[in-house]
$ cat upload.txt   # compact mmCIF, C-alpha atoms and all ligand atoms
# COMPACT_ATOMS: atom_id res chain seq x y z
CA MET A 1 0.00 0.00 0.00
CA ILE A 2 1.51 3.31 -1.09
CA ILE A 3 0.09 6.76 -0.50
CA ARG A 4 0.49 8.89 -3.55
CA ARG A 5 -1.23 12.07 -2.42
CA LEU A 6 -3.03 13.53 0.57
CA ARG A 7 -5.17 16.64 0.30
CA LEU A 8 -6.44 18.37 3.42
CA GLU A 9 -9.18 20.98 3.06
CA ASN A 10 -10.10 22.91 6.18
CA PHE A 11 -8.85 19.96 8.21
CA ARG A 12 -7.53 21.14 11.62
CA ASN A 13 -5.06 23.99 10.93
CA PHE A 14 -4.71 23.18 7.20
CA ALA A 15 -6.69 25.46 4.85
CA ASP A 16 -5.93 23.62 1.62
CA GLU A 17 -2.73 21.67 1.37
CA THR A 18 -1.57 18.75 -0.79
CA PHE A 19 1.21 16.33 0.09
CA ASP A 20 2.72 14.28 -2.72
CA PHE A 21 4.34 11.47 -0.80
CA THR A 22 7.20 9.36 -2.04
CA ASP A 23 7.44 5.55 -1.76
CA GLY A 24 10.11 5.47 0.94
CA ILE A 25 10.58 7.60 4.05
CA ASN A 26 8.62 10.87 4.22
CA ILE A 27 9.56 13.24 7.01
CA LEU A 28 7.23 15.94 8.32
CA ALA A 29 9.48 18.41 10.12
CA GLY A 30 8.63 21.56 12.01
CA ASN A 31 8.34 23.28 15.35
CA ASN A 32 5.64 22.46 17.88
CA ALA A 33 1.99 23.09 17.01
CA GLN A 34 2.53 23.52 13.26
CA GLY A 35 0.33 20.64 12.02
CA LYS A 36 2.57 17.54 11.86
CA THR A 37 0.35 15.33 14.03
CA ASN A 38 -2.76 16.74 12.31
CA CYS A 39 -1.44 15.31 9.06
CA ILE A 40 -0.76 11.89 10.65
CA GLU A 41 -4.24 11.97 12.21
CA ALA A 42 -5.78 12.54 8.77
CA ILE A 43 -3.91 9.59 7.25
CA TYR A 44 -4.79 7.27 10.12
CA PHE A 45 -8.41 8.41 9.88
CA CYS A 46 -8.50 6.72 6.48
CA SER A 47 -7.51 3.41 8.10
CA CYS A 48 -9.78 3.22 11.12
CA LEU A 49 -12.43 5.67 9.81
CA LYS A 50 -12.36 7.64 13.02
CA SER A 51 -9.95 9.93 14.80
CA TYR A 52 -7.55 8.36 17.27
CA ARG A 53 -7.34 11.71 19.10
CA VAL A 54 -10.90 13.01 19.53
CA LEU A 55 -14.42 11.66 19.75
CA LYS A 56 -16.12 14.84 18.54
CA GLU A 57 -15.37 15.00 14.85
CA GLU A 58 -16.46 18.63 14.55
CA GLN A 59 -13.16 19.43 16.25
CA LEU A 60 -11.43 18.30 13.07
CA ILE A 61 -13.02 21.11 11.04
CA ARG A 62 -10.85 24.19 10.81
CA PHE A 63 -11.86 26.98 13.20
CA GLY A 64 -14.37 29.23 11.42
CA ALA A 65 -15.05 26.78 8.56
CA GLU A 66 -18.28 24.81 8.06
CA THR A 67 -16.91 21.80 6.18
CA ALA A 68 -13.66 19.87 5.88
CA ALA A 69 -12.31 17.08 3.71
CA ILE A 70 -9.52 14.51 3.63
CA THR A 71 -8.71 13.05 0.21
CA LEU A 72 -6.24 10.17 0.12
CA THR A 73 -4.99 8.74 -3.16
CA PHE A 74 -3.15 5.46 -2.75
CA LEU A 75 -1.93 2.47 -4.70
CA LEU A 76 -3.36 -0.93 -3.86
CA GLU A 77 -2.01 -3.87 -5.83
CA GLY A 78 -1.00 -1.47 -8.59
CA ARG A 79 -4.45 0.16 -8.81
CA GLU A 80 -4.96 3.80 -7.87
CA GLU A 81 -7.72 4.24 -5.29
CA GLU A 82 -9.22 7.40 -3.86
CA LEU A 83 -10.82 7.69 -0.46
CA LYS A 84 -12.53 10.96 0.42
CA ILE A 85 -14.02 11.82 3.79
CA LEU A 86 -16.23 14.90 4.08
CA PHE A 87 -17.10 16.54 7.36
CA ALA A 88 -19.79 19.17 7.95
CA ARG A 89 -20.86 20.80 11.19
CA GLY A 90 -24.12 19.29 12.47
CA ARG A 91 -24.17 16.52 9.87
CA PRO A 92 -22.73 12.98 9.79
CA LYS A 93 -19.52 12.52 7.87
CA GLU A 94 -19.66 11.14 4.36
CA PHE A 95 -17.33 8.64 2.69
CA ARG A 96 -16.57 8.43 -1.00
CA HIS A 97 -14.59 5.63 -2.54
CA ASN A 98 -13.40 6.32 -6.09
CA GLY A 99 -16.01 9.05 -6.35
CA LEU A 100 -18.97 6.95 -5.18
CA VAL A 101 -20.73 7.55 -1.87
CA VAL A 102 -20.27 4.60 0.51
CA PRO A 103 -23.32 4.40 2.79
CA ARG A 104 -22.03 1.63 5.07
CA LEU A 105 -18.83 2.32 6.98
CA ARG A 106 -18.04 -1.40 7.27
CA ASP A 107 -17.57 -1.62 3.48
CA LEU A 108 -14.50 0.59 3.80
CA LEU A 109 -12.80 -1.08 6.77
CA GLY A 110 -9.44 -2.48 5.76
CA CYS A 111 -9.53 -0.63 2.44
CA PHE A 112 -6.49 1.47 3.40
CA GLN A 113 -4.09 -0.06 5.93
CA SER A 114 -1.64 1.80 8.15
CA VAL A 115 0.01 1.21 11.51
CA ILE A 116 0.55 4.10 13.87
CA PHE A 117 3.19 4.40 16.58
CA THR A 118 3.13 7.40 18.94
CA PRO A 119 4.75 8.08 22.33
CA ASP A 120 1.38 7.24 23.87
CA HIS A 121 1.93 3.59 22.86
CA LEU A 122 4.90 3.46 25.22
CA ASN A 123 2.29 3.15 27.99
CA LEU A 124 0.82 0.04 26.41
CA ILE A 125 2.48 -2.31 28.87
CA LYS A 126 2.12 -0.42 32.15
CA GLU A 127 -1.40 0.93 31.72
CA GLY A 128 -4.70 -0.83 32.34
CA PRO A 129 -6.02 -3.70 30.18
CA HIS A 130 -8.25 -1.32 28.19
CA LYS A 131 -5.21 -0.06 26.23
CA ARG A 132 -4.11 -3.57 25.32
CA ARG A 133 -7.62 -4.64 24.29
CA SER A 134 -7.89 -1.61 22.06
CA PHE A 135 -4.46 -2.45 20.54
CA LEU A 136 -5.95 -5.84 19.57
CA ASP A 137 -9.33 -4.53 18.45
CA MET A 138 -7.89 -1.81 16.21
CA ALA A 139 -5.73 -4.35 14.37
CA LEU A 140 -8.40 -7.05 14.13
CA CYS A 141 -11.13 -4.64 12.98
CA SER A 142 -8.95 -3.56 10.07
CA LEU A 143 -8.23 -7.19 9.19
CA GLU A 144 -11.62 -8.88 9.53
CA LEU A 145 -15.02 -7.46 8.75
CA GLN A 146 -16.69 -10.18 10.75
CA TYR A 147 -14.66 -9.20 13.80
CA THR A 148 -15.96 -5.63 13.58
CA ASP A 149 -19.54 -6.89 13.29
CA GLN A 150 -19.17 -9.25 16.26
CA LEU A 151 -17.52 -6.56 18.38
CA LEU A 152 -20.26 -4.04 17.65
CA SER A 153 -22.88 -6.66 18.35
CA TYR A 154 -21.17 -7.66 21.63
CA GLN A 155 -21.13 -4.01 22.76
CA LYS A 156 -24.84 -3.68 22.02
CA ILE A 157 -25.74 -6.89 23.86
CA LEU A 158 -23.60 -5.83 26.82
CA LYS A 159 -25.39 -2.49 27.01
CA ASN A 160 -28.79 -4.21 26.99
CA ARG A 161 -27.74 -6.78 29.58
CA ASN A 162 -26.37 -4.04 31.86
CA ALA A 163 -29.63 -2.06 31.54
CA LEU A 164 -31.59 -5.18 32.51
CA LEU A 165 -29.26 -5.85 35.47
CA ARG A 166 -30.08 -2.41 36.83
CA GLN A 167 -33.82 -3.04 36.37
CA CYS A 168 -33.41 -6.32 38.29
CA GLN A 169 -32.20 -4.35 41.31
CA SER A 170 -35.78 -3.15 41.88
CA ASP A 171 -37.61 -6.12 40.31
CA TYR A 172 -35.72 -9.41 40.80
CA ALA A 173 -38.31 -11.41 38.83
CA LEU A 174 -36.90 -9.83 35.67
CA SER A 175 -33.65 -11.73 36.18
CA GLU A 176 -35.10 -14.72 34.29
CA MET A 177 -34.83 -12.65 31.14
CA LEU A 178 -31.06 -12.45 31.58
CA GLU A 179 -30.78 -15.94 30.10
CA ILE A 180 -31.40 -14.58 26.57
CA TRP A 181 -28.69 -11.95 26.89
CA ASP A 182 -26.24 -14.46 28.44
CA GLU A 183 -26.62 -16.71 25.42
CA LYS A 184 -26.11 -13.89 22.92
CA LEU A 185 -23.13 -12.51 24.87
CA ALA A 186 -21.43 -15.92 24.96
CA GLU A 187 -22.03 -16.37 21.22
CA ALA A 188 -20.43 -13.05 20.17
CA GLY A 189 -17.86 -13.10 23.00
CA SER A 190 -16.50 -16.52 22.10
CA TYR A 191 -15.98 -15.44 18.48
CA ILE A 192 -14.00 -12.39 19.60
CA ALA A 193 -11.94 -14.34 22.15
CA GLU A 194 -10.97 -16.96 19.59
CA ALA A 195 -9.99 -14.33 17.00
CA ARG A 196 -7.91 -12.41 19.56
CA GLN A 197 -6.22 -15.60 20.72
CA LYS A 198 -5.28 -16.59 17.17
CA TYR A 199 -4.01 -13.10 16.33
CA ILE A 200 -1.86 -12.96 19.47
CA MET A 201 -0.26 -16.28 18.59
CA GLN A 202 0.75 -14.91 15.19
CA LEU A 203 1.87 -11.61 16.65
CA SER A 204 3.82 -13.27 19.44
CA ALA A 205 6.11 -15.10 17.02
CA PHE A 206 7.25 -11.81 15.39
CA VAL A 207 7.42 -9.98 18.72
CA LYS A 208 9.75 -12.64 20.10
CA GLU A 209 12.01 -12.45 17.05
CA TYR A 210 12.14 -8.63 17.00
CA TYR A 211 12.68 -8.31 20.73
CA SER A 212 15.69 -10.61 20.70
CA GLU A 213 17.09 -8.66 17.73
CA ILE A 214 16.68 -5.30 19.52
CA SER A 215 17.95 -6.44 22.87
CA GLN A 216 20.65 -8.71 21.43
CA GLY A 217 20.12 -10.75 24.53
CA SER A 218 18.78 -14.09 25.54
CA GLU A 219 15.57 -12.81 27.17
CA LYS A 220 12.44 -14.22 25.60
CA LEU A 221 9.33 -12.10 25.09
CA LYS A 222 5.99 -13.83 24.93
CA LEU A 223 2.40 -12.61 24.56
CA ILE A 224 -0.52 -14.62 25.90
CA TYR A 225 -4.23 -13.86 25.61
CA LEU A 226 -5.55 -13.75 29.12
CA ASN A 227 -9.19 -14.55 29.76
CA GLN A 228 -10.84 -14.71 33.14
CA PHE A 229 -11.95 -18.30 32.91
CA THR A 230 -8.93 -20.43 32.29
CA LYS A 231 -5.17 -20.27 31.79
CA GLU A 232 -5.40 -22.85 29.02
CA GLU A 233 -5.78 -22.06 25.35
CA VAL A 234 -9.43 -22.85 24.58
CA SER A 235 -11.62 -23.45 21.56
CA ARG A 236 -14.52 -21.14 20.75
CA GLU A 237 -17.04 -23.72 22.09
CA GLU A 238 -15.15 -24.14 25.34
CA TYR A 239 -14.87 -20.36 25.84
CA ALA A 240 -18.61 -19.99 25.25
CA ARG A 241 -19.37 -22.77 27.75
CA LEU A 242 -17.09 -21.28 30.44
CA PHE A 243 -18.50 -17.80 29.78
CA ARG A 244 -22.15 -18.95 30.09
CA GLU A 245 -21.33 -20.83 33.26
CA ARG A 246 -19.63 -17.77 34.80
CA LEU A 247 -22.52 -15.45 33.86
CA ARG A 248 -24.98 -17.78 35.53
CA ARG A 249 -22.83 -18.20 38.65
CA MET A 250 -22.16 -14.46 39.00
CA ARG A 251 -25.68 -13.31 38.13
CA ASP A 252 -26.57 -12.00 41.59
CA HIS A 253 -23.21 -10.27 41.88
CA ASP A 254 -23.72 -8.63 38.48
CA ILE A 255 -27.18 -7.42 39.61
CA THR A 256 -25.67 -5.87 42.74
CA MET A 257 -22.97 -4.17 40.66
CA GLY A 258 -25.45 -3.15 37.96
CA GLN A 259 -23.02 -4.31 35.29
CA THR A 260 -21.57 -7.43 33.67
CA MET A 261 -18.31 -8.19 35.41
CA SER A 262 -17.08 -10.99 33.11
CA GLY A 263 -16.43 -11.31 29.41
CA ILE A 264 -14.13 -10.20 26.62
CA HIS A 265 -14.46 -6.59 27.80
CA LYS A 266 -12.37 -7.64 30.83
CA ASP A 267 -9.75 -9.75 29.01
CA ASP A 268 -6.11 -8.74 28.72
CA ILE A 269 -2.77 -9.57 27.10
CA LEU A 270 -0.17 -11.01 29.40
CA ILE A 271 3.28 -9.81 28.34
CA LEU A 272 6.02 -12.02 29.71
CA LEU A 273 9.73 -11.41 29.59
CA SER A 274 11.65 -14.56 30.43
CA GLY A 275 8.51 -15.80 32.16
CA LYS A 276 7.89 -12.67 34.29
CA SER A 277 5.07 -10.17 33.77
CA MET A 278 6.56 -7.01 32.23
CA LYS A 279 3.83 -4.92 33.78
CA PHE A 280 5.39 -5.42 37.19
CA PHE A 281 9.05 -6.14 36.60
CA ALA A 282 10.27 -4.53 33.39
CA SER A 283 12.69 -1.59 33.17
CA GLN A 284 11.96 1.48 31.01
CA GLY A 285 14.40 0.28 28.35
CA GLN A 286 12.84 -3.17 28.23
CA ILE A 287 9.38 -1.63 27.88
CA ARG A 288 10.51 0.58 24.99
CA SER A 289 12.01 -2.39 23.18
CA ALA A 290 8.92 -4.53 23.79
CA VAL A 291 6.49 -1.88 22.50
CA LEU A 292 8.70 -1.27 19.48
CA ALA A 293 8.70 -5.02 18.80
CA MET A 294 4.90 -5.18 19.21
CA LYS A 295 4.26 -2.29 16.82
CA LEU A 296 6.60 -3.63 14.14
CA ALA A 297 5.08 -7.09 14.60
CA GLU A 298 1.62 -5.55 14.04
CA ALA A 299 2.81 -4.19 10.69
CA GLU A 300 4.30 -7.59 9.77
CA CYS A 301 1.09 -9.44 10.73
CA ILE A 302 -1.00 -7.14 8.54
CA THR A 303 1.43 -7.69 5.67
CA ARG A 304 1.19 -11.48 6.01
CA LEU A 305 -2.55 -11.66 6.59
CA GLN A 306 -3.60 -9.00 4.11
CA GLY A 307 -0.97 -9.55 1.47
CA SER A 308 -0.04 -5.86 1.24
CA GLU A 309 2.26 -3.72 3.36
CA PRO A 310 0.60 -1.16 5.63
CA VAL A 311 1.98 2.38 5.64
CA LEU A 312 3.96 3.07 8.81
CA LEU A 313 3.07 6.28 10.69
CA LEU A 314 5.57 7.34 13.33
CA ASP A 315 4.51 10.43 15.24
CA ASP A 316 7.30 11.96 17.27
CA ILE A 317 8.54 8.54 18.28
CA LEU A 318 12.16 8.76 17.20
CA SER A 319 13.00 11.37 19.85
CA GLU A 320 11.81 8.83 22.43
CA LEU A 321 14.16 6.11 21.24
CA ASP A 322 17.93 5.89 21.64
CA ALA A 323 20.31 5.55 18.66
CA HIS A 324 20.33 1.75 18.81
CA ARG A 325 16.51 1.46 18.76
CA GLN A 326 16.29 4.15 16.06
CA LYS A 327 18.69 2.13 13.94
CA PHE A 328 16.53 -0.96 14.42
CA ILE A 329 13.34 0.82 13.41
CA PHE A 330 14.97 2.20 10.24
CA GLN A 331 16.22 -1.31 9.41
CA LYS A 332 12.71 -2.69 9.73
CA MET A 333 11.21 0.05 7.54
CA ASN A 334 13.10 -1.74 4.80
CA GLY A 335 11.31 -0.32 1.79
CA ARG A 336 8.00 0.10 3.61
CA GLN A 337 6.42 3.51 3.00
CA THR A 338 6.73 5.58 6.16
CA VAL A 339 5.50 9.00 7.24
CA LEU A 340 7.29 10.26 10.32
CA THR A 341 7.21 13.52 12.22
CA THR A 342 9.97 15.27 14.07
CA CYS A 343 10.71 18.62 15.68
CA GLU A 344 14.44 18.14 15.24
CA LEU A 345 15.62 17.02 11.86
CA GLY A 346 19.25 16.60 12.92
CA LYS A 347 20.74 13.34 11.70
CA ILE A 348 17.36 11.97 10.64
CA ARG A 349 17.39 14.37 7.67
CA LYS A 350 19.71 12.02 5.78
CA LYS A 351 17.28 9.11 6.14
CA GLY A 352 14.40 10.94 4.47
CA ASP A 353 13.52 10.33 0.84
CA LYS A 354 11.37 13.45 1.03
CA VAL A 355 11.27 16.09 3.76
CA PHE A 356 8.26 18.41 4.18
CA SER A 357 8.79 21.45 6.40
CA ILE A 358 5.49 22.31 8.03
CA LYS A 359 4.79 25.81 9.24
CA GLU A 360 1.44 27.12 10.50
CA GLY A 361 -0.63 24.55 8.62
CA LYS A 362 1.28 24.92 5.37
CA VAL A 363 4.03 23.03 3.63
CA ALA A 364 6.69 25.72 3.69
CA LYS A 365 9.39 23.77 1.89
CA ILE A 366 10.00 20.34 0.37
CA ARG A 367 13.41 18.73 0.14
CA VAL A 368 14.32 15.65 -1.86
CA PRO A 369 17.78 14.06 -1.88
CA ALA A 370 20.02 15.36 -4.61
CA SER A 371 22.28 12.69 -6.13
CA GLY A 372 25.07 12.02 -3.71
CA SER A 373 24.93 15.24 -1.71
CA GLY A 374 22.24 15.28 0.92
CA CYS A 375 19.03 17.20 0.27
CA ALA A 376 18.17 19.80 -2.30
CA ASP A 377 15.38 22.29 -1.74
CA GLN A 378 12.37 22.19 -3.98
CA LYS A 379 10.07 25.09 -4.50
CA LYS A 380 6.57 24.55 -3.24
N1 LIG B 1 -9.99 22.55 14.32
C1 LIG B 1 -8.87 23.27 14.28
N2 LIG B 1 -8.81 24.40 13.55
C2 LIG B 1 -7.69 25.13 13.47
N3 LIG B 1 -6.55 24.82 14.11
C3 LIG B 1 -6.55 23.68 14.84
C4 LIG B 1 -7.70 22.85 14.97
N4 LIG B 1 -7.39 21.81 15.76
C5 LIG B 1 -6.11 21.98 16.12
N5 LIG B 1 -5.60 23.10 15.59
C6 LIG B 1 -4.25 23.66 15.73
O1 LIG B 1 -3.30 22.73 15.27
C7 LIG B 1 -2.09 22.96 15.98
C8 LIG B 1 -1.55 21.65 16.52
O2 LIG B 1 -1.18 20.87 15.47
P1 LIG B 1 -0.42 19.49 15.70
O3 LIG B 1 -0.98 18.76 16.85
O4 LIG B 1 -0.42 18.82 14.39
O5 LIG B 1 1.02 20.03 16.08
P2 LIG B 1 2.44 19.34 15.85
O6 LIG B 1 3.07 20.03 14.68
O7 LIG B 1 2.29 17.89 15.82
O8 LIG B 1 3.17 19.83 17.17
P3 LIG B 1 4.04 19.03 18.26
O9 LIG B 1 5.42 18.99 17.70
O10 LIG B 1 3.95 19.89 19.45
O11 LIG B 1 3.43 17.70 18.45
C9 LIG B 1 -2.38 23.87 17.14
O12 LIG B 1 -1.87 25.15 16.83
C10 LIG B 1 -3.89 23.87 17.20
O13 LIG B 1 -4.40 25.09 17.65
MG MG B 2 2.63 16.42 17.26

$ encode --input "upload.txt" --output "structure tokens"
Amino acid sequence: MIIRRLRLENFRNFADETFDFTDGINILAGNNAQGKTNCIEAIYFCSCLKSYRVLKEEQLIRFGAETAAITLTFLLEGREEELKILFARGRPKEFRHNGLVVPRLRDLLGCFQSVIFTPDHLNLIKEGPHKRRSFLDMALCSLELQYTDQLLSYQKILKNRNALLRQCQSDYALSEMLEIWDEKLAEAGSYIAEARQKYIMQLSAFVKEYYSEISQGSEKLKLIYLNQFTKEEVSREEYARLFRERLRRMRDHDITMGQTMSGIHKDDILILLSGKSMKFFASQGQIRSAVLAMKLAEAECITRLQGSEPVLLLDDILSELDAHRQKFIFQKMNGRQTVLTTCELGKIRKKGDKVFSIKEGKVAKIRVPASGSGCADQKK
């Protein structure tokens, strides 16, 4: 997957700007608050069809403007595709694929693939399980339409079951109706658990390989999908059975709490380094290496499962990594199209195949390498 062009119209602090990206490493350079992350946000929007920074999409429309648009032109298996997202205040966003309006969002999931890595991901290991579940869900939703459907359906069932649990607090007789929701929850939940388990097994193999390359040591990194019911790896049927059983056993407790206390919305990823949980025992350096390995493994998994390379988006991450880890990440880019941001070009400048200087929501300057002698300025 290769981005050819990105046009931002009234998106964040961009009035109307076009980026013609190159196949290799694209660097967005500039001082703080100039629009570098805004550009990354727009690209990643085209992958997960929502913003990873805000829930209220009106915030994406430029101050004072009524509408905004992101237009991404990219190559997929040699074909040129165009994805356009239109935003308007007070109206739902609209998607257009190759000029045609796409009414159902799900038809676009996985259409454009990218993997994002920001300093926020460095908290993936230490923070609560929610972060790790969302790491899994984001990847799986872009890979499998059915996963997205099952996840949405699970969330809906969970909401209904929780509403009924709260009604049961004042009318216990209603608790008989919970049976229907338990069945539906186990059905969708077991699908999701099995998909997450399979994905983690694939991911874990790459993570292990990358971690030992980065750390050049003998420590082994392993990821395990952690459910609340058993430590064993289980089939979908077995997960559903254990889940149903737990829901029945904990029914009164759930009623008291007014919410469902078991299920895939409580599951986690156990990250073990030489058999010990990293959450409790790892050093800062080990955590950085592990997250780096997980993010690069995510890109590799998408490549293998989807058959095309996702675009790598690195927002401000290089300044967080030491020279050795930076070297590793550049090695792994290995021909993969990358868009990275930085406040300090420094030595990174030489690595860029194209450097965009961003100033106040505009591309102030573009530099491309001149043969043999660093970068030459190009007129905008
Ligand atoms: N809807 C909007 N309309 C206009 N400007 C906006 C909007 N949303 C954000 N901005 C502006 O965008 C700028 C921030 O852009 P961005 O987050 O891309 O910065 P950055 O270049 O990544 O900076 P840093 O290096 O600090 O991360 C701020 O000046 C902010 O006021
Ligand atoms: Mg930024």

$ residues_around --input "upload.txt" --residues "segment 66-72 of chain A" --least-positions-apart "4" --cutoff "7 Å" --atoms "only C-alpha atoms" --output "number ranges by chain"
A: 5-11, 42, 61, 82-89

$ residues_around --input "upload.txt" --residues "segment 318-324 of chain A" --least-positions-apart "3" --cutoff "9 Å" --atoms "only C-alpha atoms" --output "PDB file with C-alpha atoms, keeping the file's coordinate frame"
ATOM      1  CA  PRO A 119       4.750   8.080  22.330  1.00  0.00           C
ATOM      2  CA  ILE A 214      16.680  -5.300  19.520  1.00  0.00           C
ATOM      3  CA  ARG A 288      10.510   0.580  24.990  1.00  0.00           C
ATOM      4  CA  SER A 289      12.010  -2.390  23.180  1.00  0.00           C
ATOM      5  CA  LEU A 314       5.570   7.340  13.330  1.00  0.00           C
ATOM      6  CA  ASP A 315       4.510  10.430  15.240  1.00  0.00           C
ATOM      7  CA  LYS A 327      18.690   2.130  13.940  1.00  0.00           C
ATOM      8  CA  PHE A 328      16.530  -0.960  14.420  1.00  0.00           C
ATOM      9  CA  ILE A 329      13.340   0.820  13.410  1.00  0.00           C
ATOM     10  CA  LEU A 340       7.290  10.260  10.320  1.00  0.00           C
ATOM     11  CA  THR A 341       7.210  13.520  12.220  1.00  0.00           C
ATOM     12  CA  THR A 342       9.970  15.270  14.070  1.00  0.00           C
ATOM     13  CA  CYS A 343      10.710  18.620  15.680  1.00  0.00           C
ATOM     14  CA  GLU A 344      14.440  18.140  15.240  1.00  0.00           C
ATOM     15  CA  ILE A 348      17.360  11.970  10.640  1.00  0.00           C
TER      16      ILE A 348
END

$ residues_near_ligand --input "upload.txt" --ligand "ligand LIG 1 (chain B)" --cutoff "7 Å" --atoms "all atoms listed in the file" --output "list in words"
Phe11, Arg12, Asn13, Gly30, Asn31, Asn32, Ala33, Gln34, Gly35, Lys36, Thr37, Asn38, Cys39, Gln59, Leu60, Ile61, Arg62, Phe63, Thr342 and Cys343 of chain A

$ residues_around --input "upload.txt" --residues "Ile287 of chain A" --least-positions-apart "4" --cutoff "9 Å" --atoms "all atoms listed in the file" --output "list in words"
Leu122, Asn123, Leu124, Ile125, Lys126, Met278, Lys279, Ala282, Ser283, Val291 and Leu292 of chain A

$ closest_residue --input "upload.txt" --among "A:Leu76, A:Ile40, A:Met294, A:Ile27" --to "ligand MG 2 (chain B)" --atoms "all atoms listed in the file"
A:Ile40

$ atom_distance --input "upload.txt" --atom1 "atom CA of Cys46 of chain A" --atom2 "atom CA of Ile3 of chain A"
11.1 Å

$ closest_residue --input "upload.txt" --among "A:Asn26, A:Asn162, A:Gln155, A:Thr338" --to "His265 of chain A" --atoms "all atoms listed in the file"
A:Gln155

$ residues_near_point --input "upload.txt" --point "(10.5, 17.5, 7.8)" --cutoff "6 Å" --atoms "all atoms listed in the file" --output "PDB file with C-alpha atoms, in the frame of the given file"
ATOM      1  CA  ILE A  27       9.560  13.240   7.010  1.00  0.00           C
ATOM      2  CA  LEU A  28       7.230  15.940   8.320  1.00  0.00           C
ATOM      3  CA  ALA A  29       9.480  18.410  10.120  1.00  0.00           C
ATOM      4  CA  VAL A 355      11.270  16.090   3.760  1.00  0.00           C
ATOM      5  CA  PHE A 356       8.260  18.410   4.180  1.00  0.00           C
ATOM      6  CA  SER A 357       8.790  21.450   6.400  1.00  0.00           C
TER       7      SER A 357
END

$ closest_residue --input "upload.txt" --among "A:Lys198, A:Lys332, A:His130, A:Lys159" --to "Ala299 of chain A" --atoms "only C-alpha atoms"
A:Lys332

$ decode --input "upload.txt" --residues "segment 194-206 of chain A" --atoms "N, CA and C atoms" --output "tab-separated table (two decimals), in the first residue's frame"
chain	number	residue	atom	x	y	z
A	194	GLU	N	-11.74	-16.05	20.43
A	194	GLU	CA	-10.97	-16.96	19.59
A	194	GLU	C	-10.12	-16.18	18.58
A	195	ALA	N	-10.73	-15.13	17.98
A	195	ALA	CA	-9.99	-14.33	17.00
A	195	ALA	C	-8.80	-13.63	17.67
A	196	ARG	N	-9.01	-13.10	18.87
A	196	ARG	CA	-7.91	-12.41	19.56
A	196	ARG	C	-6.79	-13.39	19.90
A	197	GLN	N	-7.20	-14.58	20.36
A	197	GLN	CA	-6.22	-15.60	20.72
A	197	GLN	C	-5.36	-15.99	19.53
A	198	LYS	N	-6.01	-16.19	18.38
A	198	LYS	CA	-5.28	-16.59	17.17
A	198	LYS	C	-4.32	-15.48	16.74
A	199	TYR	N	-4.83	-14.24	16.78
A	199	TYR	CA	-4.01	-13.10	16.33
A	199	TYR	C	-2.78	-12.95	17.23
A	200	ILE	N	-2.99	-13.11	18.53
A	200	ILE	CA	-1.86	-12.96	19.47
A	200	ILE	C	-0.81	-14.03	19.22
A	201	MET	N	-1.25	-15.22	18.86
A	201	MET	CA	-0.26	-16.28	18.59
A	201	MET	C	0.61	-15.91	17.40
A	202	GLN	N	-0.03	-15.32	16.37
A	202	GLN	CA	0.75	-14.91	15.19
A	202	GLN	C	1.68	-13.75	15.55
A	203	LEU	N	1.12	-12.80	16.27
A	203	LEU	CA	1.87	-11.61	16.65
A	203	LEU	C	3.07	-11.99	17.53
A	204	SER	N	2.82	-12.89	18.46
A	204	SER	CA	3.82	-13.27	19.44
A	204	SER	C	5.10	-13.81	18.79
A	205	ALA	N	4.94	-14.53	17.69
A	205	ALA	CA	6.11	-15.10	17.02
A	205	ALA	C	7.04	-13.98	16.51
A	206	PHE	N	6.43	-12.94	15.89
A	206	PHE	CA	7.25	-11.81	15.39
A	206	PHE	C	7.81	-10.98	16.55
